[in-house]
Structures are given as structure tokens and as C-alpha cells.
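J.: Quick one, protein.cif (mmCIF, C-alpha atoms):
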```
data_coords
loop_
_atom_site.label_atom_id
_atom_site.label_comp_id
_atom_site.auth_asym_id
_atom_site.auth_seq_id
_atom_site.Cartn_x
_atom_site.Cartn_y
_atom_site.Cartn_z
CA MET A 1 6.60 -23.42 36.24
CA THR A 2 7.18 -23.14 32.50
CA GLY A 3 5.05 -21.69 29.74
CA THR A 4 3.68 -24.23 27.22
CA ALA A 5 1.39 -24.51 24.25
CA GLY A 6 -1.72 -22.39 24.22
CA GLY A 7 -0.60 -20.40 27.25
CA GLN A 8 -0.97 -23.41 29.54
CA LEU A 9 1.32 -23.89 32.52
CA ALA A 10 3.01 -27.09 33.55
CA THR A 11 4.85 -27.95 36.72
CA ALA A 12 8.24 -29.66 36.48
CA VAL A 13 7.84 -33.40 36.85
CA GLY A 14 8.24 -35.25 40.11
CA SER A 15 8.04 -38.98 40.74
CA GLY A 16 6.09 -39.86 37.61
CA PRO A 17 2.70 -39.60 35.90
CA GLU A 18 -0.44 -39.88 37.97
CA GLU A 19 -3.70 -41.41 36.76
CA ALA A 20 -4.99 -37.96 35.88
CA ASP A 21 -1.99 -37.43 33.57
CA TRP A 22 -2.58 -40.71 31.73
CA ALA A 23 -6.27 -39.92 31.40
CA ALA A 24 -5.51 -36.44 30.05
CA ALA A 25 -3.12 -37.89 27.46
CA GLU A 26 -5.74 -40.41 26.38
CA ALA A 27 -8.31 -37.64 26.08
CA LEU A 28 -6.04 -35.56 23.85
CA ILE A 29 -5.61 -38.44 21.42
CA ARG A 30 -9.14 -39.85 21.54
CA GLY A 31 -10.49 -36.34 21.04
CA LEU A 32 -8.72 -35.84 17.72
CA SER A 33 -11.01 -35.19 14.76
CA PRO A 34 -10.65 -37.36 11.62
CA ASP A 35 -8.77 -34.52 9.90
CA ALA A 36 -6.59 -33.53 12.85
CA ARG A 37 -2.95 -32.78 12.08
CA VAL A 38 -0.51 -34.47 14.47
CA LEU A 39 3.20 -33.72 14.63
CA LEU A 40 5.63 -36.02 16.43
CA ILE A 41 9.01 -34.54 17.46
CA CYS A 42 12.02 -36.17 19.11
CA HIS A 43 15.22 -34.54 20.27
CA VAL A 44 18.15 -33.26 18.24
CA ASN A 45 20.73 -35.90 17.21
CA PRO A 46 18.17 -38.64 17.81
CA ASP A 47 19.24 -41.92 19.39
CA GLY A 48 17.49 -45.28 19.38
CA ASP A 49 15.05 -44.41 22.15
CA ALA A 50 14.06 -41.09 20.59
CA LEU A 51 13.49 -42.50 17.10
CA GLY A 52 12.13 -45.87 18.19
CA SER A 53 9.62 -44.42 20.64
CA MET A 54 8.46 -41.78 18.17
CA LEU A 55 8.09 -44.10 15.19
CA GLY A 56 6.55 -46.93 17.21
CA PHE A 57 3.98 -44.55 18.67
CA GLY A 58 3.37 -43.03 15.23
CA LEU A 59 2.58 -46.47 13.82
CA GLY A 60 0.17 -46.96 16.72
CA LEU A 61 -1.56 -43.67 15.90
CA ARG A 62 -1.98 -44.88 12.34
CA ARG A 63 -3.72 -47.96 13.70
CA LEU A 64 -6.10 -45.59 15.51
CA GLY A 65 -6.95 -43.91 12.21
CA VAL A 66 -4.79 -40.77 12.47
CA ARG A 67 -4.15 -39.94 8.80
CA ARG A 68 -2.49 -36.50 8.82
CA LEU A 69 0.62 -37.49 10.70
CA GLN A 70 4.23 -36.31 10.50
CA ALA A 71 7.35 -37.23 12.49
CA THR A 72 10.49 -35.13 12.58
CA PHE A 73 13.51 -33.96 14.58
CA PRO A 74 15.60 -30.76 14.58
CA GLY A 75 18.76 -30.40 12.59
CA PRO A 76 19.85 -32.17 9.40
CA PRO A 77 17.27 -34.79 8.28
CA GLU A 78 19.74 -37.66 8.50
CA VAL A 79 18.76 -40.87 10.25
CA PRO A 80 21.83 -42.59 11.78
CA GLU A 81 22.79 -45.72 9.85
CA PRO A 82 21.97 -48.19 12.67
CA PHE A 83 18.32 -47.02 12.63
CA ARG A 84 17.71 -46.90 8.88
CA GLY A 85 15.94 -50.24 8.98
CA LEU A 86 13.30 -49.11 11.46
CA PRO A 87 9.66 -49.48 10.47
CA GLY A 88 7.79 -46.20 10.17
CA LEU A 89 10.57 -44.16 8.57
CA GLU A 90 8.05 -43.11 5.91
CA LEU A 91 6.48 -40.87 8.57
CA LEU A 92 9.62 -38.70 8.73
CA VAL A 93 9.80 -35.26 7.16
CA PRO A 94 12.63 -32.68 7.37
CA ALA A 95 12.23 -30.11 10.12
CA GLY A 96 11.65 -27.42 7.52
CA ALA A 97 8.65 -29.31 6.12
CA ALA A 98 7.00 -29.96 9.51
CA ASP A 99 3.48 -28.61 10.00
CA PRO A 100 3.85 -25.10 11.47
CA ALA A 101 0.59 -25.27 13.45
CA PRO A 102 -0.53 -28.84 14.14
CA ASP A 103 -3.59 -29.66 16.20
CA LEU A 104 -1.44 -31.80 18.50
CA VAL A 105 2.31 -32.02 18.95
CA ILE A 106 3.78 -35.00 20.81
CA CYS A 107 7.41 -34.79 21.99
CA PHE A 108 9.54 -37.86 22.68
CA ASP A 109 12.63 -38.31 24.86
CA ALA A 110 13.29 -34.56 25.17
CA ALA A 111 13.93 -33.24 28.69
CA SER A 112 13.48 -29.58 27.77
CA GLU A 113 12.29 -27.29 25.01
CA SER A 114 15.90 -26.56 24.04
CA ARG A 115 16.31 -30.17 22.89
CA LEU A 116 13.72 -29.50 20.17
CA GLY A 117 15.92 -26.90 18.45
CA GLU A 118 14.16 -24.98 15.69
CA LEU A 119 11.00 -27.02 16.26
CA ALA A 120 10.43 -25.67 19.78
CA ASP A 121 8.07 -23.03 18.41
CA ARG A 122 5.54 -25.79 17.66
CA LEU A 123 4.85 -25.94 21.40
CA SER A 124 3.16 -22.54 21.21
CA SER A 125 1.66 -22.84 17.71
CA ALA A 126 0.07 -26.28 18.29
CA GLY A 127 -3.40 -26.73 19.68
CA ALA A 128 -1.97 -28.88 22.48
CA ALA A 129 1.38 -30.38 23.49
CA LEU A 130 1.94 -33.83 24.97
CA VAL A 131 5.35 -34.88 26.32
CA LEU A 132 6.51 -38.49 26.67
CA ASP A 133 9.84 -38.84 28.45
CA HIS A 134 11.81 -40.56 31.22
CA HIS A 135 14.42 -37.96 32.18
CA ALA A 136 14.30 -36.84 35.82
CA SER A 137 15.49 -33.41 34.68
CA ASN A 138 12.43 -32.91 32.44
CA THR A 139 11.08 -29.38 32.88
CA GLY A 140 7.42 -30.28 32.33
CA PHE A 141 7.05 -28.17 29.18
CA GLY A 142 3.91 -29.78 27.76
CA ARG A 143 0.26 -29.18 28.48
CA VAL A 144 0.22 -32.85 29.48
CA ASN A 145 3.42 -34.51 30.69
CA LEU A 146 3.89 -38.26 30.83
CA VAL A 147 7.36 -38.29 32.36
CA ASP A 148 8.43 -41.34 34.35
CA PRO A 149 12.00 -41.10 35.73
CA ALA A 150 11.71 -44.72 36.87
CA ALA A 151 11.16 -45.93 33.29
CA ALA A 152 14.19 -47.47 31.61
CA ALA A 153 13.35 -45.74 28.33
CA THR A 154 10.78 -43.43 26.80
CA SER A 155 9.55 -46.47 24.89
CA VAL A 156 8.22 -47.85 28.20
CA VAL A 157 6.00 -44.78 28.53
CA ALA A 158 4.98 -44.96 24.86
CA GLU A 159 4.03 -48.65 25.10
CA HIS A 160 1.94 -48.06 28.20
CA LEU A 161 0.01 -45.24 26.54
CA LEU A 162 -0.55 -47.35 23.42
CA ALA A 163 -1.92 -50.13 25.60
CA ARG A 164 -4.30 -47.72 27.32
CA LEU A 165 -5.46 -46.56 23.89
CA GLY A 166 -6.21 -50.16 22.93
CA VAL A 167 -3.40 -50.46 20.38
CA GLY A 168 -1.96 -53.97 20.53
CA LEU A 169 1.60 -54.75 19.57
CA ASP A 170 2.43 -55.87 16.05
CA ALA A 171 5.89 -56.65 14.68
CA ALA A 172 6.48 -53.15 13.26
CA ILE A 173 5.58 -51.30 16.47
CA ALA A 174 7.45 -53.90 18.53
CA GLU A 175 10.68 -53.55 16.54
CA CYS A 176 10.69 -49.78 17.05
CA LEU A 177 10.05 -50.09 20.78
CA TYR A 178 12.57 -52.92 21.16
CA VAL A 179 15.33 -50.86 19.52
CA ALA A 180 14.44 -48.02 21.88
CA LEU A 181 14.48 -50.28 24.92
CA THR A 182 17.74 -52.05 24.10
CA THR A 183 19.65 -48.87 23.27
CA ASP A 184 18.69 -47.06 26.48
CA THR A 185 19.36 -50.08 28.70
CA GLY A 186 22.70 -50.85 27.03
CA SER A 187 21.37 -54.20 25.82
CA PHE A 188 19.84 -54.76 29.28
CA ARG A 189 23.14 -54.11 31.12
CA PHE A 190 22.33 -50.84 32.91
CA GLU A 191 20.87 -50.31 36.38
CA ALA A 192 17.44 -49.42 35.00
CA THR A 193 16.98 -52.98 33.76
CA THR A 194 14.22 -54.28 36.03
CA PRO A 195 11.99 -57.36 35.88
CA ALA A 196 9.37 -55.15 34.24
CA VAL A 197 11.88 -54.27 31.49
CA HIS A 198 12.44 -57.94 30.72
CA GLN A 199 8.68 -58.54 30.78
CA LEU A 200 8.19 -55.78 28.21
CA ALA A 201 11.02 -57.19 26.10
CA ALA A 202 9.31 -60.59 26.21
CA ARG A 203 6.04 -59.09 24.96
CA LEU A 204 7.89 -57.32 22.15
CA LEU A 205 9.76 -60.47 21.16
CA GLY A 206 6.46 -62.34 21.23
CA THR A 207 5.44 -60.51 18.04
CA GLY A 208 8.12 -62.44 16.12
CA ILE A 209 10.82 -59.80 15.78
CA ARG A 210 14.37 -61.16 15.50
CA PRO A 211 16.61 -59.82 18.31
CA GLY A 212 19.83 -61.17 16.79
CA ASP A 213 19.29 -59.34 13.51
CA ILE A 214 18.29 -56.15 15.32
CA SER A 215 21.32 -56.25 17.64
CA ARG A 216 23.77 -56.83 14.79
CA ARG A 217 22.31 -53.90 12.88
CA VAL A 218 22.12 -51.50 15.83
CA PHE A 219 25.15 -52.43 17.96
CA ASP A 220 27.59 -54.58 16.02
CA THR A 221 27.94 -53.00 12.59
CA ARG A 222 30.02 -49.94 11.73
CA PRO A 223 32.15 -48.83 8.76
CA PHE A 224 35.87 -49.58 8.79
CA GLY A 225 36.47 -45.83 8.73
CA ALA A 226 34.66 -45.60 12.06
CA VAL A 227 36.88 -48.33 13.50
CA ARG A 228 39.96 -46.31 12.48
CA LEU A 229 38.38 -43.14 13.87
CA PHE A 230 37.68 -44.83 17.21
CA GLY A 231 41.28 -45.94 17.44
CA GLU A 232 42.56 -42.43 16.90
CA VAL A 233 40.15 -40.79 19.35
CA LEU A 234 40.71 -43.44 22.04
CA GLY A 235 44.44 -42.92 21.60
CA ARG A 236 44.10 -39.36 22.90
CA ALA A 237 41.99 -40.29 25.95
CA ARG A 238 43.16 -38.73 29.22
CA LEU A 239 42.81 -40.14 32.73
CA GLU A 240 42.58 -37.77 35.71
CA PRO A 241 42.61 -39.98 38.82
CA ALA A 242 42.34 -37.03 41.26
CA ALA A 243 39.14 -35.64 39.73
CA ALA A 244 35.75 -36.04 41.46
CA ASP A 245 37.39 -36.30 44.90
CA ARG A 246 39.71 -39.07 43.65
CA ARG A 247 36.94 -41.11 42.03
CA GLY A 248 38.54 -40.34 38.68
CA LEU A 249 37.63 -38.83 35.33
CA VAL A 250 38.48 -40.20 31.89
CA TRP A 251 37.73 -38.19 28.77
CA THR A 252 38.48 -37.81 25.11
CA TYR A 253 37.29 -35.69 22.23
CA ALA A 254 36.61 -35.85 18.51
CA THR A 255 36.66 -32.95 16.07
CA LEU A 256 34.94 -32.25 12.77
CA ASP A 257 38.35 -32.66 11.13
CA ASP A 258 38.57 -36.18 12.61
CA LEU A 259 35.24 -37.07 11.03
CA ALA A 260 36.22 -35.58 7.68
CA ARG A 261 39.60 -37.33 7.66
CA HIS A 262 37.94 -40.72 8.10
CA ASP A 263 34.92 -39.82 5.93
CA GLN A 264 32.45 -40.51 8.74
CA ARG A 265 29.15 -39.02 9.83
CA PRO A 266 28.71 -37.64 13.38
CA TYR A 267 26.35 -40.44 14.48
CA VAL A 268 29.18 -42.99 14.55
CA LEU A 269 30.59 -41.24 17.62
CA GLU A 270 27.52 -42.03 19.75
CA ALA A 271 28.89 -45.49 20.53
CA LEU A 272 32.30 -44.17 21.57
CA ILE A 273 31.30 -43.52 25.18
CA ASP A 274 30.91 -47.27 25.75
CA SER A 275 34.59 -47.80 24.95
CA VAL A 276 35.63 -44.99 27.31
CA ARG A 277 33.36 -45.78 30.27
CA CYS A 278 34.96 -49.19 30.88
CA THR A 279 38.10 -47.50 32.32
CA ALA A 280 38.62 -49.12 35.73
CA GLU A 281 40.33 -46.11 37.32
CA ALA A 282 37.53 -43.59 36.64
CA ASP A 283 33.98 -43.29 37.90
CA VAL A 284 33.12 -40.55 35.40
CA SER A 285 33.67 -40.86 31.66
CA CYS A 286 33.14 -38.19 29.07
CA VAL A 287 33.28 -37.83 25.28
CA VAL A 288 33.34 -34.32 23.80
CA LYS A 289 32.20 -34.27 20.16
CA GLN A 290 32.55 -31.17 18.01
CA THR A 291 29.34 -30.19 16.20
CA ALA A 292 30.39 -26.74 14.90
CA PRO A 293 33.29 -24.34 15.39
CA GLY A 294 33.43 -23.70 19.13
CA GLU A 295 30.46 -26.00 19.87
CA TRP A 296 30.55 -29.50 21.37
CA ALA A 297 28.03 -32.22 22.19
CA VAL A 298 29.10 -33.76 25.51
CA SER A 299 28.15 -37.27 26.69
CA MET A 300 28.84 -38.26 30.30
CA ARG A 301 28.50 -41.51 32.22
CA SER A 302 28.99 -42.44 35.89
CA LYS A 303 29.52 -45.79 37.59
CA GLY A 304 27.70 -44.66 40.70
CA ALA A 305 29.79 -42.16 42.68
CA VAL A 306 28.76 -39.03 40.77
CA ASP A 307 25.33 -37.81 39.65
CA VAL A 308 26.26 -36.62 36.16
CA SER A 309 22.78 -35.20 35.61
CA ARG A 310 23.67 -32.52 38.20
CA VAL A 311 26.77 -31.68 36.17
CA ALA A 312 24.77 -31.55 32.95
CA VAL A 313 21.98 -29.39 34.39
CA ALA A 314 24.54 -26.95 35.84
CA LEU A 315 26.05 -26.64 32.36
CA GLY A 316 22.75 -26.22 30.52
CA GLY A 317 21.85 -29.83 29.73
CA GLY A 318 20.13 -32.72 31.44
CA GLY A 319 19.72 -36.46 31.63
CA HIS A 320 19.83 -39.25 34.18
CA ARG A 321 21.85 -39.83 37.32
CA PHE A 322 24.38 -42.05 35.56
CA ALA A 323 24.00 -40.87 31.94
CA ALA A 324 23.65 -37.23 30.90
CA GLY A 325 24.83 -34.63 28.44
CA PHE A 326 24.94 -30.99 27.45
CA THR A 327 26.11 -28.64 24.72
CA GLY A 328 29.46 -27.01 25.50
CA ARG A 329 30.97 -23.91 23.94
CA GLY A 330 34.55 -22.68 23.64
CA THR A 331 37.63 -24.87 23.30
CA VAL A 332 37.61 -28.52 24.30
CA GLU A 333 39.84 -27.63 27.27
CA GLN A 334 37.31 -25.03 28.42
CA VAL A 335 34.45 -27.52 28.13
CA VAL A 336 36.30 -30.14 30.17
CA GLU A 337 37.32 -27.56 32.75
CA GLY A 338 33.65 -26.73 33.17
CA ILE A 339 32.95 -30.41 33.87
CA ARG A 340 35.79 -30.66 36.39
CA GLY A 341 34.42 -27.66 38.21
CA GLN A 342 31.07 -29.37 38.81
CA LEU A 343 32.16 -32.91 39.77
CA ASP A 344 32.72 -32.42 43.50
CA ALA A 345 29.31 -30.81 43.94
CA ALA A 346 27.73 -33.76 42.08
CA LEU A 347 29.19 -36.48 44.33
CA ILE A 348 26.49 -38.82 45.60
CA ARG A 349 26.43 -38.74 49.39
CA PRO A 350 24.83 -41.28 51.73
CA GLY A 351 21.12 -40.71 51.74
CA ASP A 352 21.01 -39.06 48.29
#
```
Would you mind writing the file's structure down as C-alpha cells?

T.:
Amino acid sequence: MTGTAGGQLATAVGSGPEEADWAAAEALIRGLSPDARVLLICHVNPDGDALGSMLGFGLGLRRLGVRRLQATFPGPPEVPEPFRGLPGLELLVPAGAADPAPDLVICFDAASESRLGELADRLSSAGAALVLDHHASNTGFGRVNLVDPAAAATSVVAEHLLARLGVGLDAAIAECLYVALTTDTGSFRFEATTPAVHQLAARLLGTGIRPGDISRRVFDTRPFGAVRLFGEVLGRARLEPAAADRRGLVWTYATLDDLARHDQRPYVLEALIDSVRCTAEADVSCVVKQTAPGEWAVSMRSKGAVDVSRVAVALGGGGHRFAAGFTGRGTVEQVVEGIRGQLDAALIRPGD
């Protein structure tokens, strides 16, 4: 059990939201007064699902008449370039300008309070806290938790709640949710891509959004400096075939000096894991990205032999079975050694 806003208690999530959870979430939103202050928060270093789900839901709240509405995320108030065309960006405020005591706080795509950084205190200062997420490792830190580990993205949860609230899709909401859905499914390539995912994508596309334009902006455009940076970082990749009981580990790292030398922002490194994970000889892939002296943001992927969420949770992070991450401290060698030490225990056995 974990403490949450207003002294409430929430149990860590299990198989997904029950009808009572959906009804409670509806009640929180329908019960808002005309002058209620609502704060939307997504996780630090936001990706497409975090931003897209938050902004799409925020635009839906506007349609419901919520006027005093802010959206934010911890850390520097910089939206990654691929997402700077998203509708709803006008809702964003820097973390330092976020309402210190909103009537309702809604968290998106964050598996734990720690992912909210300096904004985690809003969970206790807000009148109520609602969590929308799809990470199996979610700790259930809201008063109401809509956490569906079977959902391909948090946007799936957000769209379902909007539908229950009677908010139909328009092009602006749909573009936000489509960006969220495509980023977390790897353009519909990952295992979570179900018939229901394609049905949702069809409904989103039915609003008239242009998937080709969105994909070029989100996936297929990066500065030349980032191309050079990728080449350098991939050139130092290391393959350890004996790791994970001979399933193999491939990893590389990028430093702040690397970013400065190529005049790039940290967000460009988010796509690097896709170039590493294709290594045929390794089940587990890992990119270690420096965020401060002695601090590293670690992204991990698995092809199916290792549950990397177990590795991440053991090292203070979280995520999904085949995609997870954590914050590492020390040297890059120490961070990778910590990963190696957890791989055997995270092997997926028959019946898991």
C-alpha cells in the first residue's frame, strides 16, 4: 500500500481497472466545479505517449468546460522537437509555474511517484489524484488508479475514459492520441499491437489526421548533428554474448560531452535504442544516457527471453516486460555491471 493525496491509500495495480475504478474516475471529473483547478502531469523526459495522452486528454477536458487547466512535466520545460507540432501545447506551463494546490491532479504514463520529480508533492497538496497508466510496475499511487497493463499505451486508457465522459474524437485530440499510440507500439511493430489497437488507430484516422505527415515528423526527421552523434555512439557499442545465460547483451552509452560536441539536445537519444535492439546476437539491448555528472537514464529492451522490467524494478525503475528503464548512478561501467547482475534472475521461465 502507498500513501496518496489527501491521506488516501491505494493498492498496487493488478490485472487492470475494474468498473468501480472507471466509475470513480468519471465521478472525479464530472464532480468538478466550474472554477475547479486541474493540473495534468506526465513523467520526466516525456515521450510521445506521455505528452500525447496528457495533451489529448487535456483538450477533451476543455471540451467538457474545464477552464482552469494546466499541463506540465518535471525538469526543464523543453518539448522534444518531434512533438512540437502537437495540438494542445498551449496548455503547457513550466514545472515551477504549476498550480501548487490544484483541486484535481491527473498523472499520465508515470509508474511511480518518483517519475514526477519535483511535482510529486502535488499528490498530497491536491484535492484528489487520478492516475492513468499502462505499466505493470505501477505502484498505485493515486486516489483512483486507471492502470491497464494490457493496454498498448496510456493513450488507450485516456481514450476510453474520454469516451465514457462523452467526449467524441476530433482531429486535435486524435492527433495527440495517435502520436502516443504509434510511439509506444513502435509504429505498430511491438507485441502489444492487438486488433483493438488497430481498431483504435482506425477511429483516430477517421477524424482526418494525416499519418504520413505525423510519422515523418515524429520518426523520420532528425538534425544532421544527431545522425553524426548516432554514428559515434553506435561505434562504441559492445556485445556480450555470454550475458543473460548466453542470450546476449548489447549496450552503448552517450555522455553530455557527446551531446555538446554535436550541439544536440538530450531528446535525440531516445530513438537510439531502436538502432541497438536490432542486434541479432543479443536478446537484451541497453542505452545508457548521461543526464548529469554521475547520473544516467537507462533504456532497456528485450526480444522475449528476459523480463527487463524485473531488472529495472530491482534497480529503482520500472516499465514493461520487454521495455523498461531506470536512473543509474556512478560510472557507466558501474551502471552496466548493475544490469548484468540482474539479468539471470530476470530470465523468463516456462510458465512465467

J.: Fewer than 4 positions away in the same chain doesn't count, so skip those; otherwise give me all residues within 12 Å of A:Gly88, counting only C-alpha atoms, as a list in words.

T.: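 Returned residues: Leu51, Gly52, Ser53, Met54, Leu55, Gly56, Phe57, Gly58, Leu59, Gly60, Leu61, Arg62, Leu69, Gln70, Ala71, Thr72, Phe83, Arg84, Leu92, Val93, Ala171, Ala172, Ile173, Ala174, Glu175, Cys176 and Leu177 of chain A.
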
J.: For the point (35.1, -46.6, 38.1) in the file's frame, write as a list in words all residues with an atom no more than 8 Å away, counting only C-alpha atoms.

T.: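 Residues found, by chain and rising number: Arg247, Gly248, Cys278, Thr279, Ala280, Glu281, Ala282, Asp283, Val284, Ser302 and Lys303 of chain A.
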
J.: Residues of the last selection are to be written out with C-alpha atoms, as an mmCIF file, in the frame of the given file.

T.:
```cif
data_model
loop_
_atom_site.group_PDB
_atom_site.id
_atom_site.type_symbol
_atom_site.label_atom_id
_atom_site.label_comp_id
_atom_site.auth_asym_id
_atom_site.auth_seq_id
_atom_site.Cartn_x
_atom_site.Cartn_y
_atom_site.Cartn_z
ATOM 1 C CA ARG A 247 36.940 -41.110 42.030
ATOM 2 C CA GLY A 248 38.540 -40.340 38.680
ATOM 3 C CA CYS A 278 34.960 -49.190 30.880
ATOM 4 C CA THR A 279 38.100 -47.500 32.320
ATOM 5 C CA ALA A 280 38.620 -49.120 35.730
ATOM 6 C CA GLU A 281 40.330 -46.110 37.320
ATOM 7 C CA ALA A 282 37.530 -43.590 36.640
ATOM 8 C CA ASP A 283 33.980 -43.290 37.900
ATOM 9 C CA VAL A 284 33.120 -40.550 35.400
ATOM 10 C CA SER A 302 28.990 -42.440 35.890
ATOM 11 C CA LYS A 303 29.520 -45.790 37.590
#
```

J.: So which one's closest to A:Val332, A:Leu269, A:Ala196, A:Ala305, A:Ala254? Using all atoms listed in the file, please.

T.: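 With all atoms listed in the file as the atom set, the closest residue is A:Ala254.
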
J.: Report, in Å to a single decimal, how far apart atom CA of A:His43 and atom CA of A:Gly127 are.

T.: 20.2 Å

J.: Please evaluate the PyMOL selection byres ((chain A and resi 238-241) around 9) against the structure above and give the resulting residues as a VMD selection string.

T.: chain A and resid 234 to 237 242 to 252 279 281 to 282

J.: Using the chain letters and residue numbers of this document, give as a PyMOL selection string the residues selected by the PyMOL selection byres ((chain A and resi 333-338) around 12).

T.: chain A and resi 238+240+243+249-253+285-290+294-300+311-312+314-316+325-332+339-344

J.: Would you compute the distance between atom CA of A:Arg37 and atom CA of A:Asp103? Give it in Å to one decimal.

T.: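 According to the coordinates, atom CA of A:Arg37 and atom CA of A:Asp103 are separated by 5.2 Å.
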
J.: If the PyMOL selection byres ((chain A and resi 95-101) around 12) is run on the structure shown, which residues does it catch, given as JSON, numbers by chain?

T.: {"A": [5, 6, 36, 37, 38, 39, 40, 41, 42, 43, 44, 68, 69, 70, 71, 72, 73, 74, 75, 76, 77, 78, 91, 92, 93, 94, 102, 103, 104, 105, 116, 117, 118, 119, 120, 121, 122, 123, 124, 125, 126, 127, 128, 129]}

J.: For atom CA of A:Ser155 and atom CA of A:Ser275, determine how far apart the two atoms are, in Å to one decimal place.

T.: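 We find that atom CA of A:Ser155 and atom CA of A:Ser275 lie 25.1 Å from each other.
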
J.: Around stretch 44-62 of chain A, fit a box with edges along x, y and z, padding it by 5 Å on each side, then list its centre and edge lengths in Å to one decimal as JSON.

T.:
```
{"center_x": 9.4, "center_y": -40.1, "center_z": 17.2, "size_x": 32.7, "size_y": 23.7, "size_z": 19.8}
```

J.: Give me stretch 183-203 of chain A with N, CA and C atoms filled in, as a JSON list (two decimals), in the frame of the given file.

T.:
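Saved file selection.json follows:
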```
[["chain", "number", "residue", "atom", "x", "y", "z"],
["A", 183, "THR", "N", 18.62, -49.90, 23.32],
["A", 183, "THR", "CA", 19.65, -48.87, 23.27],
["A", 183, "THR", "C", 19.76, -48.15, 24.61],
["A", 184, "ASP", "N", 18.62, -47.83, 25.23],
["A", 184, "ASP", "CA", 18.69, -47.06, 26.48],
["A", 184, "ASP", "C", 19.03, -47.91, 27.70],
["A", 185, "THR", "N", 18.94, -49.22, 27.59],
["A", 185, "THR", "CA", 19.36, -50.08, 28.70],
["A", 185, "THR", "C", 20.74, -50.69, 28.44],
["A", 186, "GLY", "N", 21.40, -50.28, 27.35],
["A", 186, "GLY", "CA", 22.70, -50.85, 27.03],
["A", 186, "GLY", "C", 22.61, -52.36, 26.83],
["A", 187, "SER", "N", 21.62, -52.77, 26.03],
["A", 187, "SER", "CA", 21.37, -54.20, 25.82],
["A", 187, "SER", "C", 21.09, -54.90, 27.16],
["A", 188, "PHE", "N", 20.30, -54.22, 27.99],
["A", 188, "PHE", "CA", 19.84, -54.76, 29.28],
["A", 188, "PHE", "C", 20.97, -54.92, 30.29],
["A", 189, "ARG", "N", 22.00, -54.05, 30.19],
["A", 189, "ARG", "CA", 23.14, -54.11, 31.12],
["A", 189, "ARG", "C", 23.10, -53.03, 32.19],
["A", 190, "PHE", "N", 22.29, -51.97, 32.00],
["A", 190, "PHE", "CA", 22.33, -50.84, 32.91],
["A", 190, "PHE", "C", 21.41, -51.04, 34.10],
["A", 191, "GLU", "N", 21.59, -50.17, 35.11],
["A", 191, "GLU", "CA", 20.87, -50.31, 36.38],
["A", 191, "GLU", "C", 19.36, -50.24, 36.23],
["A", 192, "ALA", "N", 18.88, -49.58, 35.19],
["A", 192, "ALA", "CA", 17.44, -49.42, 35.00],
["A", 192, "ALA", "C", 16.77, -50.69, 34.51],
["A", 193, "THR", "N", 17.54, -51.73, 34.26],
["A", 193, "THR", "CA", 16.98, -52.98, 33.76],
["A", 193, "THR", "C", 16.33, -53.75, 34.90],
["A", 194, "THR", "N", 15.02, -53.67, 34.97],
["A", 194, "THR", "CA", 14.22, -54.28, 36.03],
["A", 194, "THR", "C", 13.49, -55.51, 35.50],
["A", 195, "PRO", "N", 12.85, -56.27, 36.38],
["A", 195, "PRO", "CA", 11.99, -57.36, 35.88],
["A", 195, "PRO", "C", 10.94, -56.87, 34.90],
["A", 196, "ALA", "N", 10.39, -55.68, 35.15],
["A", 196, "ALA", "CA", 9.37, -55.15, 34.24],
["A", 196, "ALA", "C", 9.95, -54.88, 32.85],
["A", 197, "VAL", "N", 11.23, -54.48, 32.79],
["A", 197, "VAL", "CA", 11.88, -54.27, 31.49],
["A", 197, "VAL", "C", 11.95, -55.57, 30.72],
["A", 198, "HIS", "N", 12.36, -56.64, 31.40],
["A", 198, "HIS", "CA", 12.44, -57.94, 30.72],
["A", 198, "HIS", "C", 11.05, -58.45, 30.32],
["A", 199, "GLN", "N", 10.04, -58.14, 31.13],
["A", 199, "GLN", "CA", 8.68, -58.54, 30.78],
["A", 199, "GLN", "C", 8.21, -57.81, 29.52],
["A", 200, "LEU", "N", 8.53, -56.52, 29.43],
["A", 200, "LEU", "CA", 8.19, -55.78, 28.21],
["A", 200, "LEU", "C", 8.95, -56.35, 27.02],
["A", 201, "ALA", "N", 10.24, -56.61, 27.20],
["A", 201, "ALA", "CA", 11.02, -57.19, 26.10],
["A", 201, "ALA", "C", 10.40, -58.51, 25.64],
["A", 202, "ALA", "N", 9.93, -59.32, 26.57],
["A", 202, "ALA", "CA", 9.31, -60.59, 26.21],
["A", 202, "ALA", "C", 8.05, -60.37, 25.37],
["A", 203, "ARG", "N", 7.25, -59.37, 25.75],
["A", 203, "ARG", "CA", 6.04, -59.09, 24.96],
["A", 203, "ARG", "C", 6.41, -58.62, 23.55]]
```
